[in-house]
file coords-v3.cif (mmCIF, C-alpha atoms and all ligand atoms)
data_upload
#
loop_
_atom_site.label_atom_id
_atom_site.label_comp_id
_atom_site.auth_asym_id
_atom_site.auth_seq_id
_atom_site.Cartn_x
_atom_site.Cartn_y
_atom_site.Cartn_z
CA MET S 64 47.68 106.78 209.69
CA LYS S 65 47.60 106.98 213.48
CA GLY S 66 51.31 106.26 213.56
CA LEU S 67 51.95 109.00 211.02
CA LYS S 68 50.02 111.59 213.02
CA ALA S 69 51.82 110.65 216.22
CA LYS S 70 55.07 111.10 214.31
CA ILE S 71 54.02 114.58 213.15
CA VAL S 72 53.10 115.68 216.70
CA LYS S 73 56.38 114.22 217.97
CA ARG S 74 58.19 116.39 215.42
CA VAL S 75 56.55 119.52 216.89
CA GLU S 76 57.67 118.38 220.34
CA ASP S 77 61.23 117.88 219.06
CA ARG S 78 61.21 121.46 217.82
CA GLU S 79 59.68 123.21 220.85
CA GLN S 80 62.82 125.28 221.46
CA ASP S 81 63.00 126.31 217.77
CA LEU S 82 59.40 127.46 218.00
CA ILE S 83 60.05 129.56 221.12
CA ASP S 84 63.17 131.05 219.50
CA LEU S 85 61.21 131.91 216.35
CA CYS S 86 58.51 133.64 218.41
CA CYS S 87 61.19 135.67 220.25
CA LYS S 88 62.86 136.70 216.98
CA LEU S 89 59.51 137.85 215.57
CA ILE S 90 58.94 139.97 218.71
CA GLN S 91 62.46 141.46 218.55
CA ALA S 92 61.84 142.54 214.93
CA GLU S 93 59.06 144.89 216.19
CA GLY S 94 56.84 146.04 213.28
CA GLU S 95 54.82 148.79 214.96
CA ASN S 96 51.72 149.97 213.15
CA PRO S 97 51.43 152.88 212.73
CA PRO S 98 53.63 153.38 210.75
CA GLY S 99 53.24 149.75 209.59
CA ASP S 100 56.74 148.93 208.30
CA VAL S 101 57.09 145.18 208.94
CA SER S 102 60.14 144.54 206.75
CA LYS S 103 62.29 143.34 209.68
CA VAL S 104 59.60 140.93 210.85
CA ALA S 105 59.04 139.69 207.30
CA SER S 106 62.81 139.02 207.04
CA VAL S 107 62.64 136.78 210.11
CA ALA S 108 59.81 134.80 208.45
CA GLU S 109 61.75 134.67 205.16
CA HIS S 110 64.96 133.40 206.77
CA PHE S 111 63.02 130.75 208.62
CA LEU S 112 61.27 129.56 205.45
CA GLN S 113 64.56 129.54 203.53
CA SER S 114 66.25 127.46 206.20
CA GLU S 115 63.36 124.98 205.98
CA ALA S 116 63.56 124.88 202.16
CA ILE S 117 59.95 126.07 201.79
CA SER S 118 59.04 128.13 198.75
CA TYR S 119 57.26 131.45 199.25
CA GLU S 120 56.28 134.64 197.49
CA LYS S 121 56.96 138.09 198.85
CA PHE S 122 54.53 140.93 198.18
CA GLU S 123 55.39 144.52 198.97
CA PRO S 124 52.90 146.88 197.27
CA THR S 125 54.45 149.75 199.27
CA LYS S 126 57.92 149.67 200.79
CA GLY S 127 57.90 148.00 204.19
CA HIS S 128 54.29 146.77 203.94
CA THR S 129 55.45 143.23 203.26
CA SER S 130 53.45 140.01 203.20
CA ILE S 131 54.99 136.55 202.82
CA VAL S 132 52.90 133.73 201.34
CA ALA S 133 54.42 130.26 201.66
CA SER S 134 52.97 126.98 200.47
CA ILE S 135 53.54 123.24 200.35
CA GLY S 136 51.61 120.35 198.82
CA LYS S 137 49.37 119.72 195.82
CA THR S 138 46.93 122.20 194.35
CA LYS S 139 43.54 121.15 195.74
CA PRO S 140 41.98 121.42 198.25
CA THR S 141 43.77 124.31 199.94
CA LEU S 142 43.73 125.39 203.57
CA ILE S 143 45.03 128.88 204.40
CA LEU S 144 46.67 129.69 207.73
CA CYS S 145 46.86 133.45 208.15
CA GLY S 146 48.39 135.82 210.69
CA HIS S 147 49.62 139.39 210.87
CA LEU S 148 53.20 140.55 211.48
CA ASP S 149 52.44 144.09 212.66
CA VAL S 150 51.86 145.10 216.27
CA VAL S 151 50.33 148.13 217.95
CA PRO S 152 52.98 150.57 219.27
CA ALA S 153 54.52 149.72 222.66
CA GLY S 154 53.50 153.17 223.96
CA ASP S 155 55.16 154.62 227.05
CA ILE S 156 58.06 152.23 227.79
CA SER S 157 58.06 153.33 231.47
CA HIS S 158 54.71 151.52 231.90
CA TRP S 159 56.31 148.17 231.05
CA THR S 160 57.99 146.09 233.79
CA PHE S 161 60.21 144.50 231.09
CA HIS S 162 61.52 145.75 227.74
CA PRO S 163 58.78 145.27 225.12
CA TYR S 164 61.19 144.13 222.39
CA LYS S 165 63.78 142.13 224.30
CA ALA S 166 61.56 139.02 224.13
CA GLU S 167 62.70 137.45 227.39
CA VAL S 168 61.38 134.05 228.43
CA ARG S 169 60.57 133.90 232.16
CA SER S 170 58.71 131.19 234.08
CA GLY S 171 57.22 129.73 230.94
CA LYS S 172 56.09 133.12 229.60
CA ILE S 173 57.34 134.77 226.42
CA LEU S 174 57.34 138.50 227.18
CA GLY S 175 56.94 141.41 224.81
CA ARG S 176 54.81 143.55 222.54
CA GLY S 177 52.98 141.21 220.19
CA ALA S 178 53.54 138.03 222.25
CA THR S 179 49.76 137.63 222.45
CA ASP S 180 48.73 139.64 219.38
CA MET S 181 50.09 137.81 217.46
CA LYS S 182 53.71 136.78 217.17
CA GLY S 183 52.87 133.59 219.10
CA GLY S 184 50.28 132.62 216.49
CA ALA S 185 52.52 133.69 213.60
CA ALA S 186 55.35 131.51 214.95
CA ALA S 187 53.00 128.54 215.46
CA MET S 188 51.75 128.65 211.87
CA LEU S 189 55.28 128.99 210.44
CA MET S 190 56.38 125.98 212.51
CA THR S 191 53.31 124.10 211.23
CA ILE S 192 54.39 124.45 207.61
CA ALA S 193 58.00 123.61 208.54
CA VAL S 194 57.00 120.38 210.28
CA LEU S 195 54.55 119.37 207.55
CA LYS S 196 57.15 120.00 204.83
CA GLU S 197 58.76 116.72 205.82
CA PHE S 198 55.41 114.95 205.33
CA GLU S 199 54.46 116.88 202.18
CA ASN S 200 53.90 113.76 200.09
CA THR S 201 51.32 112.42 202.51
CA LEU S 202 49.19 115.61 202.48
CA SER S 203 45.95 115.36 200.47
CA GLY S 204 46.10 118.98 199.34
CA ARG S 205 47.90 122.25 199.78
CA LEU S 206 48.76 124.33 202.83
CA VAL S 207 49.24 128.06 202.39
CA VAL S 208 50.70 130.14 205.24
CA ALA S 209 50.17 133.88 204.83
CA SER S 210 52.12 136.23 207.12
CA VAL S 211 50.63 139.64 206.41
CA SER S 212 51.07 143.36 207.09
CA ASP S 213 48.51 146.10 207.77
CA GLU S 214 46.13 144.45 210.20
CA GLU S 215 46.47 146.73 213.22
CA ALA S 216 45.77 149.83 211.13
CA PRO S 217 44.46 150.21 207.59
CA GLY S 218 47.33 150.31 205.08
CA PRO S 219 48.33 149.69 201.48
CA GLY S 220 49.17 145.96 201.89
CA GLY S 221 47.90 143.11 204.02
CA THR S 222 45.01 140.70 203.61
CA SER S 223 42.69 142.94 201.62
CA TRP S 224 45.46 143.75 199.10
CA LEU S 225 46.34 140.05 198.72
CA LEU S 226 42.70 139.10 198.20
CA LYS S 227 41.94 141.97 195.84
CA ASN S 228 44.96 141.09 193.70
CA LYS S 229 44.18 137.36 193.77
CA LYS S 230 47.42 136.42 195.51
CA LEU S 231 45.64 134.28 198.06
CA SER S 232 42.95 131.66 197.54
CA GLY S 233 41.78 128.47 199.20
CA ASP S 234 38.86 126.38 200.42
CA ALA S 235 38.95 127.47 204.08
CA CYS S 236 40.97 129.81 206.27
CA LEU S 237 42.22 129.52 209.83
CA ILE S 238 43.49 132.77 211.37
CA ALA S 239 45.97 132.37 214.24
CA GLU S 240 44.74 135.45 216.20
CA PRO S 241 44.60 135.05 220.00
CA THR S 242 41.26 133.57 221.07
CA GLY S 243 41.92 132.70 224.71
CA TYR S 244 41.25 134.31 228.08
CA LEU S 245 43.80 134.45 230.91
CA ASN S 246 43.18 131.51 233.27
CA GLY S 247 40.32 130.51 231.02
CA ASP S 248 39.54 128.43 228.03
CA TYR S 249 40.16 128.96 224.35
CA SER S 250 37.29 129.34 221.93
CA ILE S 251 36.98 129.24 218.15
CA VAL S 252 35.81 132.63 216.90
CA ALA S 253 33.59 131.98 213.91
CA GLY S 254 31.59 135.19 213.54
CA GLU S 255 31.86 138.91 214.04
CA ARG S 256 29.85 142.10 213.77
CA GLY S 257 30.20 144.53 210.89
CA ALA S 258 30.78 148.26 211.10
CA CYS S 259 29.46 151.53 209.78
CA TRP S 260 31.82 154.42 210.54
CA LEU S 261 30.37 157.86 209.99
CA LYS S 262 31.68 161.38 209.89
CA ILE S 263 28.87 163.74 210.86
CA THR S 264 29.27 167.48 210.44
CA ALA S 265 27.06 170.30 211.71
CA HIS S 266 27.29 173.69 209.98
CA GLY S 267 26.30 176.66 212.14
CA LYS S 268 26.66 180.43 211.87
CA PRO S 269 29.51 182.39 213.48
CA SER S 270 28.88 185.34 215.75
CA HIS S 271 30.50 187.20 218.65
CA GLY S 272 30.64 185.08 221.80
CA SER S 273 28.90 187.81 223.77
CA ARG S 274 25.82 187.68 221.51
CA PRO S 275 25.36 183.95 220.80
CA MET S 276 21.67 184.54 219.89
CA LEU S 277 22.81 186.10 216.63
CA GLY S 278 24.68 182.94 215.54
CA LYS S 279 24.07 179.21 215.38
CA ASN S 280 26.36 177.22 217.63
CA ALA S 281 27.53 174.13 215.63
CA ILE S 282 28.85 172.39 218.78
CA PHE S 283 25.44 172.63 220.48
CA MET S 284 23.74 171.51 217.24
CA LEU S 285 25.86 168.37 217.00
CA THR S 286 25.93 167.46 220.69
CA ASN S 287 22.13 167.75 220.80
CA PHE S 288 21.85 165.45 217.82
CA LEU S 289 24.37 162.69 218.69
CA PRO S 290 22.40 161.09 221.59
CA LYS S 291 19.57 160.36 219.10
CA LEU S 292 21.83 157.75 217.48
CA LYS S 293 21.53 155.65 220.66
CA ILE S 294 18.05 154.63 219.42
CA LEU S 295 19.91 152.16 217.21
CA GLU S 296 21.11 150.26 220.29
CA GLU S 297 17.49 149.44 221.19
CA SER S 298 16.48 148.28 217.74
CA LYS S 299 15.88 144.55 217.32
CA VAL S 300 17.53 142.52 214.58
CA LYS S 301 16.61 139.04 213.43
CA THR S 302 19.49 136.62 214.02
CA PRO S 303 19.59 133.83 211.41
CA ASN S 304 19.16 130.38 212.99
CA SER S 305 22.57 129.15 211.81
CA ALA S 306 24.28 132.03 213.69
CA LYS S 307 22.43 131.44 216.98
CA PRO S 308 24.77 128.74 218.39
CA LEU S 309 27.73 131.11 217.86
CA ILE S 310 25.98 133.98 219.65
CA ARG S 311 25.07 131.64 222.54
CA GLY S 312 28.72 130.51 222.77
CA GLY S 313 29.91 134.11 222.73
CA LYS S 314 27.44 135.14 225.46
CA THR S 315 28.56 132.34 227.78
CA LEU S 316 32.14 133.61 227.48
CA LEU S 317 31.26 137.28 227.92
CA ARG S 318 29.20 136.55 231.05
CA LYS S 319 32.39 135.26 232.68
CA VAL S 320 34.30 138.35 231.53
CA ALA S 321 31.56 140.63 232.91
CA ARG S 322 31.61 138.92 236.30
CA LYS S 323 35.39 139.33 236.49
CA SER S 324 35.16 143.02 235.58
CA GLY S 325 32.25 143.65 237.93
CA ILE S 326 29.76 144.86 235.30
CA SER S 327 26.30 143.52 234.54
CA PRO S 328 26.56 140.49 232.21
CA LYS S 329 23.54 141.61 230.20
CA SER S 330 25.04 144.99 229.33
CA LEU S 331 28.07 143.22 227.86
CA THR S 332 26.44 140.25 226.09
CA LYS S 333 24.12 142.70 224.32
CA ALA S 334 27.11 143.75 222.22
CA LEU S 335 26.92 140.45 220.32
CA ASP S 336 23.44 140.73 218.82
CA HIS S 337 22.69 144.46 218.93
CA TYR S 338 24.02 147.62 217.37
CA THR S 339 26.38 149.71 219.52
CA VAL S 340 27.17 153.39 219.07
CA ASN S 341 30.44 155.05 220.06
CA VAL S 342 31.30 158.69 219.41
CA GLY S 343 35.06 158.45 219.01
CA THR S 344 36.04 162.05 218.27
CA LEU S 345 34.44 165.48 218.45
CA THR S 346 36.11 168.57 217.04
CA GLY S 347 34.74 172.05 216.61
CA GLY S 348 35.17 175.73 217.20
CA THR S 349 38.12 178.07 216.77
CA LYS S 350 38.16 180.41 219.75
CA ILE S 351 36.47 180.84 223.14
CA ASN S 352 34.67 184.05 222.21
CA VAL S 353 33.43 182.97 218.78
CA VAL S 354 30.18 181.06 218.17
CA PRO S 355 31.51 177.94 216.36
CA GLU S 356 30.62 177.61 212.69
CA LYS S 357 31.50 173.93 212.31
CA CYS S 358 31.57 170.82 214.47
CA GLU S 359 32.47 167.31 213.38
CA ALA S 360 32.11 163.88 215.05
CA GLU S 361 33.43 160.46 214.07
CA VAL S 362 30.98 157.77 215.09
CA ASP S 363 31.70 154.03 215.22
CA ILE S 364 28.48 152.04 214.86
CA ARG S 365 28.89 148.24 215.03
CA VAL S 366 26.43 146.13 213.10
CA PRO S 367 25.11 142.76 214.37
CA ILE S 368 24.28 139.74 212.23
CA GLY S 369 20.90 140.43 210.66
CA GLY S 370 21.71 144.15 210.44
CA ASN S 371 23.28 146.06 207.58
CA PRO S 372 25.57 149.09 207.40
CA ASP S 373 23.43 150.48 204.55
CA GLY S 374 20.41 150.38 206.86
CA VAL S 375 22.40 152.37 209.43
CA GLU S 376 23.25 155.02 206.85
CA ASP S 377 19.61 155.25 205.70
CA PHE S 378 18.43 155.63 209.30
CA VAL S 379 20.96 158.35 210.14
CA ARG S 380 20.14 160.28 206.97
CA SER S 381 16.41 160.05 207.73
CA ILE S 382 16.86 161.83 211.08
CA LEU S 383 19.64 164.21 210.00
CA PRO S 384 18.61 167.85 210.65
CA GLU S 385 19.06 170.69 208.20
CA ASN S 386 22.62 172.01 207.76
CA PHE S 387 24.11 168.63 208.71
CA GLU S 388 26.26 166.39 206.53
CA CYS S 389 26.95 162.67 206.88
CA GLN S 390 29.71 160.68 205.20
CA VAL S 391 30.34 156.92 205.49
CA VAL S 392 34.08 156.31 205.96
CA ASN S 393 34.01 152.53 206.49
CA ARG S 394 31.34 149.98 205.69
CA THR S 395 31.83 146.34 206.69
CA MET S 396 29.17 143.62 206.62
CA PRO S 397 28.73 141.33 209.64
CA SER S 398 29.81 137.78 208.77
CA TYR S 399 30.04 134.27 210.20
CA THR S 400 30.83 130.65 209.45
CA PRO S 401 28.15 128.25 210.79
CA ALA S 402 29.10 126.18 213.86
CA ASN S 403 28.67 122.89 211.95
CA ALA S 404 31.28 123.79 209.27
CA PRO S 405 33.88 121.00 208.78
CA ILE S 406 36.80 123.30 209.65
CA ILE S 407 35.24 123.92 213.08
CA LYS S 408 34.54 120.23 213.70
CA VAL S 409 38.11 119.26 212.79
CA LEU S 410 39.52 122.02 215.01
CA GLN S 411 37.36 121.03 217.99
CA ASN S 412 38.37 117.41 217.62
CA HIS S 413 42.11 118.09 217.69
CA ALA S 414 41.95 120.92 220.22
CA LYS S 415 40.21 118.52 222.59
CA LYS S 416 43.07 116.03 222.27
CA VAL S 417 45.69 118.68 223.02
CA PHE S 418 43.91 121.02 225.49
CA GLY S 419 41.63 118.44 227.13
CA TYR S 420 38.33 120.22 226.35
CA LYS S 421 36.29 121.03 223.27
CA PRO S 422 36.55 124.77 222.55
CA PRO S 423 33.15 126.27 221.73
CA ALA S 424 32.50 128.11 218.47
CA THR S 425 31.71 131.72 219.35
CA PHE S 426 30.80 135.12 217.97
CA MET S 427 32.70 138.29 218.84
CA ALA S 428 31.71 141.93 219.15
CA ALA S 429 34.72 143.32 217.23
CA THR S 430 35.66 143.09 213.53
CA SER S 431 38.76 141.33 212.11
CA ASP S 432 40.43 140.25 208.85
CA ALA S 433 38.18 137.16 208.84
CA HIS S 434 35.33 139.05 207.18
CA SER S 435 37.52 139.70 204.09
CA PHE S 436 38.00 135.97 203.55
CA ARG S 437 34.28 135.30 204.04
CA GLU S 438 33.21 138.18 201.79
CA GLN S 439 35.85 138.24 199.08
CA LEU S 440 36.60 134.50 198.79
CA GLY S 441 33.31 133.21 200.18
CA ILE S 442 35.13 130.57 202.25
CA PRO S 443 34.60 129.29 205.81
CA THR S 444 36.93 131.27 208.08
CA VAL S 445 37.62 131.00 211.80
CA SER S 446 40.15 132.33 214.31
CA PHE S 447 41.89 130.10 216.84
CA GLY S 448 45.30 130.98 218.22
CA PRO S 449 47.54 131.41 221.28
CA GLY S 450 47.14 134.48 223.48
CA TYR S 451 44.55 136.22 225.60
CA GLU S 452 41.92 138.87 224.92
CA GLU S 453 42.84 140.78 228.09
CA LEU S 454 46.50 141.17 227.07
CA ALA S 455 46.18 142.26 223.43
CA HIS S 456 47.32 145.88 223.01
CA THR S 457 48.16 146.27 226.75
CA TYR S 458 51.40 146.89 228.64
CA ASP S 459 53.31 143.82 229.89
CA GLU S 460 51.93 141.63 227.11
CA PHE S 461 52.98 137.96 227.19
CA VAL S 462 52.01 134.50 226.00
CA TYR S 463 52.59 131.15 227.69
CA ALA S 464 55.14 129.22 225.62
CA GLU S 465 53.15 126.07 226.29
CA ASP S 466 50.08 127.56 224.58
CA VAL S 467 52.10 128.42 221.46
CA ILE S 468 53.47 124.86 221.34
CA ASN S 469 50.03 123.33 221.93
CA MET S 470 48.52 125.43 219.15
CA ALA S 471 51.19 124.20 216.72
CA LYS S 472 50.28 120.62 217.70
CA VAL S 473 46.62 121.36 216.95
CA TYR S 474 47.43 123.09 213.63
CA VAL S 475 49.54 120.26 212.16
CA ASN S 476 46.74 117.75 212.71
CA VAL S 477 44.00 120.12 211.58
CA VAL S 478 45.82 120.76 208.30
CA PHE S 479 46.33 117.06 207.75
CA ASP S 480 42.74 116.02 208.54
CA TYR S 481 40.98 118.95 206.90
CA LEU S 482 42.77 118.41 203.58
CA GLU S 483 42.02 114.69 203.72
CA LEU S 484 38.36 115.31 204.53
CA ARG S 485 37.89 117.85 201.74
CA SER S 486 39.73 115.78 199.14
CA SER S 487 37.53 112.77 199.92
CA ASP S 488 34.43 115.06 199.68
CA ALA S 489 35.56 116.14 196.22
CA GLY S 490 36.01 112.54 195.16
CA THR S 491 32.46 111.44 196.05
ZN ZN S 501 45.76 140.72 216.04
#

call {"tool": "encode", "arguments": {"input": "coords-v3.cif", "output": "structure tokens"}}
result
Amino acid sequence: MKGLKAKIVKRVEDREQDLIDLCCKLIQAEGENPPGDVSKVASVAEHFLQSEAISYEKFEPTKGHTSIVASIGKTKPTLILCGHLDVVPAGDISHWTFHPYKAEVRSGKILGRGATDMKGGAAAMLMTIAVLKEFENTLSGRLVVASVSDEEAPGPGGTSWLLKNKKLSGDACLIAEPTGYLNGDYSIVAGERGACWLKITAHGKPSHGSRPMLGKNAIFMLTNFLPKLKILEESKVKTPNSAKPLIRGGKTLLRKVARKSGISPKSLTKALDHYTVNVGTLTGGTKINVVPEKCEAEVDIRVPIGGNPDGVEDFVRSILPENFECQVVNRTMPSYTPANAPIIKVLQNHAKKVFGYKPPATFMAATSDAHSFREQLGIPTVSFGPGYEELAHTYDEFVYAEDVINMAKVYVNVVFDYLELRSSDAGT
């Protein structure tokens, strides 16, 4: 067995250049979202799978919103590797010191939009299935690699479509999103907050701007009300015991980030186990000399473990003044996979061999595709992939080629061991 695993890792090493080339091709194929057309990127994945003689299904519920689901091995148990093909727009090209879609490799760095988020991870998981194809008969289960659309912005395809239409199922899921920090360590992200996005509207009464006392100014009404929502940030929630190690892991990481950015560590770590309130947009009024009749705000409230988006809605409605309206536009539950889950243990074990340290299991403040797997399939789901938090969605994005290669080395062994572990569980 040990000889076999060494052989598999050796195969990844033999194909390092292929892996770097694949990552570059995925970057060159762009796939900006919005608008979310990833057909060129999906073609790169398809050609690669074809050349490796791996069977796959292609799903395109709306033109250009393509997802490619490849698989090898027997039917049970199944491990899913998942990653998205879309990227956020490159923005103003003049802010880049290199072309975002040329995908140059310089001093060990692969440069370009999506290098970190997450063409590096997508390439690593495609290489994982390619390498394991040769060892298919020795796998104790099935590996599914899902390359999906519509992650960077909501859209008609992507993970939620695949799950809703039962095109994707398994016993655990590993998402190859970037979970590193520049000049820092990688962690395994195993939990995330939920969200309650609200549209709040105040209805006033128009009047001439010279006699505002005769009207009701909707902008004043709403801007007086919005600060009241900050009460939520002070409310205490009860963190379940099994989520506490993840929150502790997340806080240790964020303290380092806070020190680097020169802000108080406490103000940042609070984001892991408290609600936060952000007013994202405010629109109202028609003309300078008219008392505005209507004002509308979009508010992003993040929900910690132990909290509930329904509770947020109830609270907001309970304090909503007369002539106000409130509409929930997105409701996502917080979710996590406990730190002692087998998928985390197996990942830590192999990551330690490759990276030289045991990555901690952590909780993050944001929300990702992982919650869909936890909610809709009810399976343990974690993120662990090449790239750095600070570089996602920024100018001059890059990933170290070595990190992409190392991740592929971790993935091949994790797939092998996890399937073996779960198949022996099922047998006892
Ligand atoms: Zn991403």

call {"tool": "residues_around", "arguments": {"input": "coords-v3.cif", "residues": "Leu195 of chain S", "least_positions_apart": "2", "cutoff": "9 Å", "atoms": "all atoms listed in the file", "output": "PyMOL selection string"}}
result
chain S and resi 71+135+190-193+197-199+202+206+475+478-479

call {"tool": "closest_residue", "arguments": {"input": "coords-v3.cif", "among": "S:Ile83, S:Glu76, S:Val194, S:Asp213", "to": "Gly127 of chain S", "atoms": "only C-alpha atoms"}}
result
S:Asp213

call {"tool": "closest_residue", "arguments": {"input": "coords-v3.cif", "among": "S:Asn96, S:Thr138, S:Gln80, S:Ser435", "to": "Gly233 of chain S", "atoms": "only C-alpha atoms"}}
result
S:Thr138

call {"tool": "closest_residue", "arguments": {"input": "coords-v3.cif", "among": "S:Leu226, S:Leu410, S:Met427, S:Met396", "to": "Leu309 of chain S", "atoms": "only C-alpha atoms"}}
result
S:Met427

call {"tool": "atom_distance", "arguments": {"input": "coords-v3.cif", "atom1": "atom CA of Ser170 of chain S", "atom2": "atom CA of Asp84 of chain S"}}
result
15.2 Å

call {"tool": "residues_near_ligand", "arguments": {"input": "coords-v3.cif", "ligand": "ligand ZN 501 (chain S)", "cutoff": "12 Å", "atoms": "only C-alpha atoms and all ligand atoms", "output": "count of residues only"}}
result
45

call {"tool": "residues_around", "arguments": {"input": "coords-v3.cif", "residues": "Glu438 of chain S", "least_positions_apart": "6", "cutoff": "12 Å", "atoms": "all atoms listed in the file", "output": "PyMOL selection string"}}
result
chain S and resi 223+226-227+257+395-400+432+444

call {"tool": "axis_aligned_box", "arguments": {"input": "coords-v3.cif", "around": "segment 224-243 of chain S", "padding_each_side": "8 Å", "output": "AutoDock Vina command-line options"}}
result
--center_x 43.1 --center_y 135.1 --center_z 209.2 --size_x 24.6 --size_y 33.4 --size_z 47.0

call {"tool": "closest_residue", "arguments": {"input": "coords-v3.cif", "among": "S:Ala265, S:Ile282, S:Ala464, S:Ala471", "to": "Cys87 of chain S", "atoms": "only C-alpha atoms"}}
result
S:Ala464

call {"tool": "atom_distance", "arguments": {"input": "coords-v3.cif", "atom1": "atom CA of Asn304 of chain S", "atom2": "atom CA of Gly369 of chain S"}}
result
10.5 Å

call {"tool": "closest_residue", "arguments": {"input": "coords-v3.cif", "among": "S:Pro367, S:Gly66, S:Pro217, S:Gly441", "to": "Gly254 of chain S", "atoms": "all atoms listed in the file"}}
result
S:Pro367

call {"tool": "closest_residue", "arguments": {"input": "coords-v3.cif", "among": "S:Gly99, S:Pro124, S:Gly154, S:Gly272", "to": "Thr349 of chain S", "atoms": "only C-alpha atoms"}}
result
S:Gly272

call {"tool": "atom_distance", "arguments": {"input": "coords-v3.cif", "atom1": "atom CA of Glu120 of chain S", "atom2": "atom CA of Ala105 of chain S"}}
result
11.4 Å

call {"tool": "residues_around", "arguments": {"input": "coords-v3.cif", "residues": "Ala424 of chain S", "least_positions_apart": "3", "cutoff": "7 Å", "atoms": "all atoms listed in the file", "output": "list in words"}}
result
Ser250, Ile251, Val252, Ala253, Leu309, Gly312 and Ala402 of chain S

call {"tool": "residues_around", "arguments": {"input": "coords-v3.cif", "residues": "segment 318-329 of chain S", "least_positions_apart": "6", "cutoff": "12 Å", "atoms": "all atoms listed in the file", "output": "mmCIF file with C-alpha atoms, keeping the file's coordinate frame"}}
result
data_model
loop_
_atom_site.group_PDB
_atom_site.id
_atom_site.type_symbol
_atom_site.label_atom_id
_atom_site.label_comp_id
_atom_site.auth_asym_id
_atom_site.auth_seq_id
_atom_site.Cartn_x
_atom_site.Cartn_y
_atom_site.Cartn_z
ATOM 1 C CA GLY S 243 41.920 132.700 224.710
ATOM 2 C CA TYR S 244 41.250 134.310 228.080
ATOM 3 C CA LEU S 245 43.800 134.450 230.910
ATOM 4 C CA ASN S 246 43.180 131.510 233.270
ATOM 5 C CA GLY S 247 40.320 130.510 231.020
ATOM 6 C CA ASP S 248 39.540 128.430 228.030
ATOM 7 C CA ARG S 311 25.070 131.640 222.540
ATOM 8 C CA GLY S 312 28.720 130.510 222.770
ATOM 9 C CA LEU S 335 26.920 140.450 220.320
ATOM 10 C CA ASP S 336 23.440 140.730 218.820
ATOM 11 C CA HIS S 337 22.690 144.460 218.930
ATOM 12 C CA GLU S 452 41.920 138.870 224.920
ATOM 13 C CA GLU S 453 42.840 140.780 228.090
#

call {"tool": "residues_around", "arguments": {"input": "coords-v3.cif", "residues": "Phe111 of chain S", "least_positions_apart": "3", "cutoff": "10 Å", "atoms": "only C-alpha atoms", "output": "ChimeraX atom specification"}}
result
/S:85,105-108,114-117,186,189-190,193
